[in-house]
Structures are given as C-alpha cells and as structure tokens.
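Working notes for the structure below.
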Amino acid sequence: MERTLSIIKPDATKRSITGKINAMIEEAGLSIIAQKRLILSVVQAEEFYGVHKERPFFRDLVNFITSGPVVVQVLEAENAIALYRKTMGATNPKEADKGTIRYEHAESIEANSVHGSDSSDNAKIEIDFFFTDEEIVG
Ligand code: CMP
C-alpha cells in the first residue's frame, strides 16, 4: 500500500464541494485515512510550495492557497500517488480528461481544486508537513 498527500484547495472549500470531491476520491478506490480543515499561513504556504519559489506564479500561488480554508488529507491505496494524479486530471483543467476532479470542478490552472503529491519522496515530506503518525488511521 502507498500513501499520498491531498489538498482540497480554497476554490473548492468556498463552493462547499469538499463532499463531492471526497466521493470522487473514494469512488476511485482511495481511502481517506486522515483529514483536517485549516487555513495555511503565508509562511507555511511558502515552505510547502518551496520547490516553486523561482516560478513567476509563486506569489499568486501563495496568495491563493492562503485565501481560505483548505482540507488536507492522507489517501491510501495501491499505487496511490499515480492513482490520485489520474483521478485529479491535468494541472490545467482545460487539459484534464472528462470525469476527473479538475475537469468537473476546477476553475483555472491556479484555482484547480486539488493538489496531490507527485512522487514517493514528496508524498512522505508532504504528509509529515501536516500530520503526526497518531493522526493517520490506516
Ligand atoms: P499544485 O499541484 O498544487 O502544485 C503547484 C500549483 O501551482 C499547481 O497545482 C497550480 O495550481 C499552480 N499554478 C499556478 N499557475 C501555474 C502555471 N502556470 N503552471 C503550473 N502550475 C501553476
């Protein structure tokens, strides 16, 4: 079994579609084994998205992800990282396949409703960023 870190982003929490997204996650065969709702501070967001700090969209990304509540989650399945990336669809919703979370719900490349870890190393770093072992109930 593998674990990945998911974030339901502020555009989705504002529209009260956390439940709809969770249903798509569970229907894809991913178990939600930890979950909490919080508002990221600017410092936390800058650290979480540190790999993107040289990108032109970095400041907008930090402003967006701190603009409202997020729901952070640990998802578990066989091949959870790849499975969740398939379930989310492409980063840019215009390129996302029909039936994916981003095709159905995302508003733009920035307000794209969900984040998922992109590798096993990053999944571990990102899960540890938000959760203690006791908060994850597999
Ligand atoms: P996420 O998977 O959370 O990781 C970084 C985020 O940067 C990405 O999703 C997008 O929402 C956001 N982003 C904003 N603008 C761009 C862009 N031009 N290219 C890639 N990602 C972008």
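Residues are referred to by chain and number: the chain letter is A, B, ... according to the order shown in the structure tokens, the number counts from 1 in that chain, and ligands are numbered separately from 1 in the order shown.
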Exercise. What residues have any atom no more than 8 Å from ligand 1 when counting only C-alpha atoms and all ligand atoms, and can you list them as a list of chain:residue names?
Worked result: A:Ile7, A:Tyr49, A:His52, A:Pro56, A:Phe57, A:Phe58, A:Asp60, A:Leu61, A:Thr91, A:Asn92, A:Ser108, A:Ile109, A:Glu110, A:Ala111, A:Asn112, A:Ser113, A:Val114, A:His115, A:Gly116, A:Ser117, A:Asp118
Residue subset to file, keeping C-alpha atoms, as a short mmCIF file (atom, residue, chain, number, x, y, z; two decimals), in the first residue's frame:
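Saved result, part.cif, follows:
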```cif
data_model
loop_
_atom_site.label_atom_id
_atom_site.label_comp_id
_atom_site.auth_asym_id
_atom_site.auth_seq_id
_atom_site.Cartn_x
_atom_site.Cartn_y
_atom_site.Cartn_z
CA ILE A 7 -5.19 19.19 -0.51
CA TYR A 49 5.42 25.20 -2.21
CA HIS A 52 8.17 26.56 -6.97
CA PRO A 56 6.67 33.51 -11.95
CA PHE A 57 3.39 32.28 -10.44
CA PHE A 58 4.84 31.64 -6.93
CA ASP A 60 -0.03 34.27 -6.74
CA LEU A 61 0.07 30.61 -5.72
CA THR A 91 -2.95 20.57 -13.61
CA ASN A 92 -4.61 22.81 -16.21
CA SER A 108 -8.43 27.65 -13.69
CA ILE A 109 -4.81 26.43 -13.56
CA GLU A 110 -4.45 28.27 -10.24
CA ALA A 111 -7.89 27.57 -8.75
CA ASN A 112 -7.63 23.91 -9.72
CA SER A 113 -9.46 22.50 -6.66
CA VAL A 114 -6.95 19.84 -5.58
CA HIS A 115 -3.26 19.10 -5.05
CA GLY A 116 -1.65 15.66 -4.96
CA SER A 117 1.94 14.62 -4.25
CA ASP A 118 3.99 13.98 -7.41
#
```
Exercise. If you count only C-alpha atoms, which residues fall within 9 Å of A:Met1, apart from same-chain ones fewer than 4 positions away, as a VMD selection string?
Worked result: chain A and resid 76 to 80
Selection file, N, CA, C and O atoms, as an mmCIF file, in the first residue's frame:
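File written: selection_11.cif
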```cif
data_model
loop_
_atom_site.group_PDB
_atom_site.id
_atom_site.type_symbol
_atom_site.label_atom_id
_atom_site.label_comp_id
_atom_site.auth_asym_id
_atom_site.auth_seq_id
_atom_site.Cartn_x
_atom_site.Cartn_y
_atom_site.Cartn_z
ATOM 1 N N GLU A 76 -4.816 6.562 0.871
ATOM 2 C CA GLU A 76 -4.073 5.296 0.799
ATOM 3 C C GLU A 76 -4.705 4.361 -0.231
ATOM 4 O O GLU A 76 -5.928 4.246 -0.298
ATOM 5 N N ALA A 77 -3.863 3.713 -0.999
ATOM 6 C CA ALA A 77 -4.283 2.692 -1.980
ATOM 7 C C ALA A 77 -3.020 2.054 -2.522
ATOM 8 O O ALA A 77 -1.917 2.554 -2.280
ATOM 9 N N GLU A 78 -3.182 0.974 -3.301
ATOM 10 C CA GLU A 78 -2.047 0.507 -4.081
ATOM 11 C C GLU A 78 -1.773 1.563 -5.139
ATOM 12 O O GLU A 78 -2.719 2.045 -5.777
ATOM 13 N N ASN A 79 -0.531 1.945 -5.319
ATOM 14 C CA ASN A 79 -0.169 2.993 -6.292
ATOM 15 C C ASN A 79 -0.963 4.278 -6.087
ATOM 16 O O ASN A 79 -1.454 4.894 -7.048
ATOM 17 N N ALA A 80 -1.114 4.697 -4.831
ATOM 18 C CA ALA A 80 -1.956 5.858 -4.501
ATOM 19 C C ALA A 80 -1.502 7.136 -5.209
ATOM 20 O O ALA A 80 -2.339 7.944 -5.617
#
```
For this session: Using DSSP on the backbone, list every residue of stretch 3-130 of chain A that comes out as alpha helix (DSSP H), and give them as number ranges by chain.
Result: A: 10-14, 18-27, 42-48, 58-65, 80-88, 101-105, 120-130
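Note that atom CA of A:Asn122 and atom CA of A:Gly50 are 11.8 Å apart.
The residue set within 12 Å of A:Ala96, counting only C-alpha atoms and dropping same-chain residues fewer than 4 places from it, reads Arg85, Lys86, Thr87, Met88, Gly89, Ala90, Thr91, Asn92, Thr100, Ile101, Arg102, Tyr103, Glu104, His105, Ala106, Glu107, Ser108, Ile109 and Asn112 of chain A.
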Export of the given selection (all heavy atoms) as a compact mmCIF listing (two decimals), in the first residue's frame:
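Writing the result to out_1.txt gives the following:
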```txt
# COMPACT_ATOMS: atom_id res chain seq x y z
N ARG A 85 -3.25 11.09 -9.01
CA ARG A 85 -2.95 12.04 -10.10
C ARG A 85 -3.88 11.80 -11.29
O ARG A 85 -4.35 12.73 -11.93
CB ARG A 85 -1.48 11.97 -10.48
CG ARG A 85 -0.61 12.54 -9.35
CD ARG A 85 0.86 12.59 -9.67
NE ARG A 85 1.19 13.66 -10.58
CZ ARG A 85 1.31 14.94 -10.23
NH1 ARG A 85 1.08 15.31 -8.98
NH2 ARG A 85 1.64 15.85 -11.11
N LYS A 86 -4.19 10.52 -11.55
CA LYS A 86 -5.15 10.19 -12.62
C LYS A 86 -6.56 10.68 -12.24
O LYS A 86 -7.29 11.23 -13.08
CB LYS A 86 -5.13 8.67 -12.82
CG LYS A 86 -5.94 8.19 -13.97
CD LYS A 86 -5.55 6.74 -14.33
CE LYS A 86 -6.59 6.14 -15.24
NZ LYS A 86 -7.52 5.23 -14.54
N THR A 87 -6.91 10.52 -10.98
CA THR A 87 -8.25 10.91 -10.50
C THR A 87 -8.41 12.44 -10.53
O THR A 87 -9.49 12.95 -10.81
CB THR A 87 -8.46 10.37 -9.06
OG1 THR A 87 -8.23 8.96 -9.08
CG2 THR A 87 -9.86 10.66 -8.54
N MET A 88 -7.31 13.17 -10.24
CA MET A 88 -7.36 14.65 -10.27
C MET A 88 -7.46 15.16 -11.70
O MET A 88 -8.15 16.14 -11.96
CB MET A 88 -6.07 15.25 -9.65
CG MET A 88 -5.96 15.07 -8.17
SD MET A 88 -4.59 16.07 -7.49
CE MET A 88 -3.19 15.29 -8.28
N GLY A 89 -6.73 14.56 -12.65
CA GLY A 89 -6.63 15.08 -14.01
C GLY A 89 -5.49 16.09 -14.12
O GLY A 89 -4.84 16.42 -13.13
N ALA A 90 -5.27 16.60 -15.33
CA ALA A 90 -4.14 17.51 -15.58
C ALA A 90 -4.22 18.77 -14.74
O ALA A 90 -5.32 19.24 -14.42
CB ALA A 90 -4.10 17.86 -17.07
N THR A 91 -3.03 19.34 -14.42
CA THR A 91 -2.95 20.57 -13.61
C THR A 91 -3.83 21.67 -14.20
O THR A 91 -4.55 22.36 -13.46
CB THR A 91 -1.48 21.07 -13.58
OG1 THR A 91 -0.66 20.01 -13.09
CG2 THR A 91 -1.32 22.29 -12.68
N ASN A 92 -3.77 21.83 -15.53
CA ASN A 92 -4.61 22.81 -16.21
C ASN A 92 -5.94 22.15 -16.55
O ASN A 92 -5.99 21.21 -17.36
CB ASN A 92 -3.91 23.28 -17.49
CG ASN A 92 -4.68 24.38 -18.17
OD1 ASN A 92 -5.86 24.61 -17.87
ND2 ASN A 92 -4.04 25.05 -19.10
N THR A 100 -12.56 13.55 -14.49
CA THR A 100 -11.59 13.80 -13.44
C THR A 100 -12.08 14.96 -12.54
O THR A 100 -12.96 15.73 -12.93
CB THR A 100 -10.20 14.17 -14.02
OG1 THR A 100 -10.33 15.37 -14.80
CG2 THR A 100 -9.66 13.04 -14.91
N ILE A 101 -11.48 15.05 -11.36
CA ILE A 101 -11.89 16.10 -10.41
C ILE A 101 -11.70 17.48 -11.03
O ILE A 101 -12.58 18.34 -10.95
CB ILE A 101 -11.07 15.98 -9.10
CG1 ILE A 101 -11.43 14.68 -8.37
CG2 ILE A 101 -11.34 17.20 -8.20
CD1 ILE A 101 -10.53 14.36 -7.17
N ARG A 102 -10.55 17.69 -11.68
CA ARG A 102 -10.29 19.03 -12.24
C ARG A 102 -11.18 19.32 -13.44
O ARG A 102 -11.61 20.46 -13.64
CB ARG A 102 -8.81 19.18 -12.56
CG ARG A 102 -7.98 19.36 -11.26
CD ARG A 102 -6.52 19.25 -11.54
NE ARG A 102 -5.69 19.57 -10.39
CZ ARG A 102 -4.44 19.13 -10.25
NH1 ARG A 102 -3.90 18.34 -11.17
NH2 ARG A 102 -3.75 19.47 -9.19
N TYR A 103 -11.49 18.32 -14.25
CA TYR A 103 -12.42 18.55 -15.37
C TYR A 103 -13.78 18.96 -14.83
O TYR A 103 -14.41 19.90 -15.33
CB TYR A 103 -12.55 17.28 -16.22
CG TYR A 103 -13.52 17.44 -17.36
CD1 TYR A 103 -13.09 17.86 -18.62
CD2 TYR A 103 -14.89 17.18 -17.19
CE1 TYR A 103 -13.98 18.03 -19.66
CE2 TYR A 103 -15.79 17.35 -18.23
CZ TYR A 103 -15.33 17.78 -19.46
OH TYR A 103 -16.22 17.95 -20.50
N GLU A 104 -14.22 18.26 -13.80
CA GLU A 104 -15.58 18.51 -13.27
C GLU A 104 -15.67 19.79 -12.45
O GLU A 104 -16.70 20.45 -12.44
CB GLU A 104 -16.02 17.33 -12.38
CG GLU A 104 -16.08 15.97 -13.08
CD GLU A 104 -17.12 15.91 -14.20
OE1 GLU A 104 -18.09 16.67 -14.18
OE2 GLU A 104 -16.92 15.09 -15.11
N HIS A 105 -14.59 20.13 -11.71
CA HIS A 105 -14.73 21.16 -10.68
C HIS A 105 -13.77 22.35 -10.75
O HIS A 105 -14.07 23.40 -10.20
CB HIS A 105 -14.59 20.52 -9.29
CG HIS A 105 -15.67 19.53 -8.98
ND1 HIS A 105 -17.00 19.89 -8.92
CD2 HIS A 105 -15.63 18.20 -8.71
CE1 HIS A 105 -17.72 18.82 -8.63
NE2 HIS A 105 -16.92 17.78 -8.50
N ALA A 106 -12.59 22.19 -11.40
CA ALA A 106 -11.60 23.28 -11.32
C ALA A 106 -12.03 24.49 -12.12
O ALA A 106 -12.72 24.38 -13.14
CB ALA A 106 -10.24 22.76 -11.81
N GLU A 107 -11.59 25.67 -11.66
CA GLU A 107 -11.95 26.92 -12.33
C GLU A 107 -10.84 27.44 -13.24
O GLU A 107 -11.11 28.13 -14.22
CB GLU A 107 -12.25 27.99 -11.26
CG GLU A 107 -13.45 27.62 -10.39
CD GLU A 107 -13.72 28.63 -9.29
OE1 GLU A 107 -12.76 29.13 -8.68
OE2 GLU A 107 -14.90 28.91 -9.06
N SER A 108 -9.58 27.15 -12.91
CA SER A 108 -8.43 27.65 -13.69
C SER A 108 -7.19 26.85 -13.27
O SER A 108 -7.26 26.05 -12.33
CB SER A 108 -8.20 29.13 -13.38
OG SER A 108 -7.79 29.27 -12.03
N ILE A 109 -6.05 27.13 -13.92
CA ILE A 109 -4.81 26.43 -13.56
C ILE A 109 -4.41 26.74 -12.12
O ILE A 109 -3.82 25.90 -11.44
CB ILE A 109 -3.66 26.75 -14.55
CG1 ILE A 109 -2.49 25.77 -14.36
CG2 ILE A 109 -3.21 28.20 -14.44
CD1 ILE A 109 -1.49 25.78 -15.49
N ASN A 112 -7.40 25.22 -9.09
CA ASN A 112 -7.63 23.91 -9.72
C ASN A 112 -8.08 22.85 -8.70
O ASN A 112 -7.88 21.66 -8.91
CB ASN A 112 -6.41 23.47 -10.54
CG ASN A 112 -5.19 23.20 -9.70
OD1 ASN A 112 -5.17 23.46 -8.50
ND2 ASN A 112 -4.15 22.68 -10.32
```
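Between A:Glu46 and the candidates A:Thr18, A:Asp121, A:Asn63, A:Lys98, the tightest atom-to-atom separation, counting only C-alpha atoms, involves A:Asn63.
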For this session: Pick out each residue of stretch 15-124 of chain A that DSSP on the backbone tags as strand (DSSP E); I need them as JSON, numbers by chain.
Result: {"A": [31, 32, 33, 34, 35, 36, 37, 38, 70, 71, 72, 73, 74, 75, 76, 77, 114, 115, 116]}
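Going from atom CA of A:Tyr84 to atom CA of A:Ala123 covers 11.7 Å.
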Problem set entry | Counting only C-alpha atoms, the residue of A:Val42, A:Val62, A:Ile32, A:Val71 that sits nearest A:Lys14 | A:Val71
Exercise. Hey, which of A:Thr13, A:Thr66, A:Gln44, A:Gln73 ends up closest to A:Leu30? Count only C-alpha atoms.
Worked result: A:Gln73
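Here atom CA of A:Lys9 is placed at a distance of 12.3 Å from atom CA of A:Lys36.
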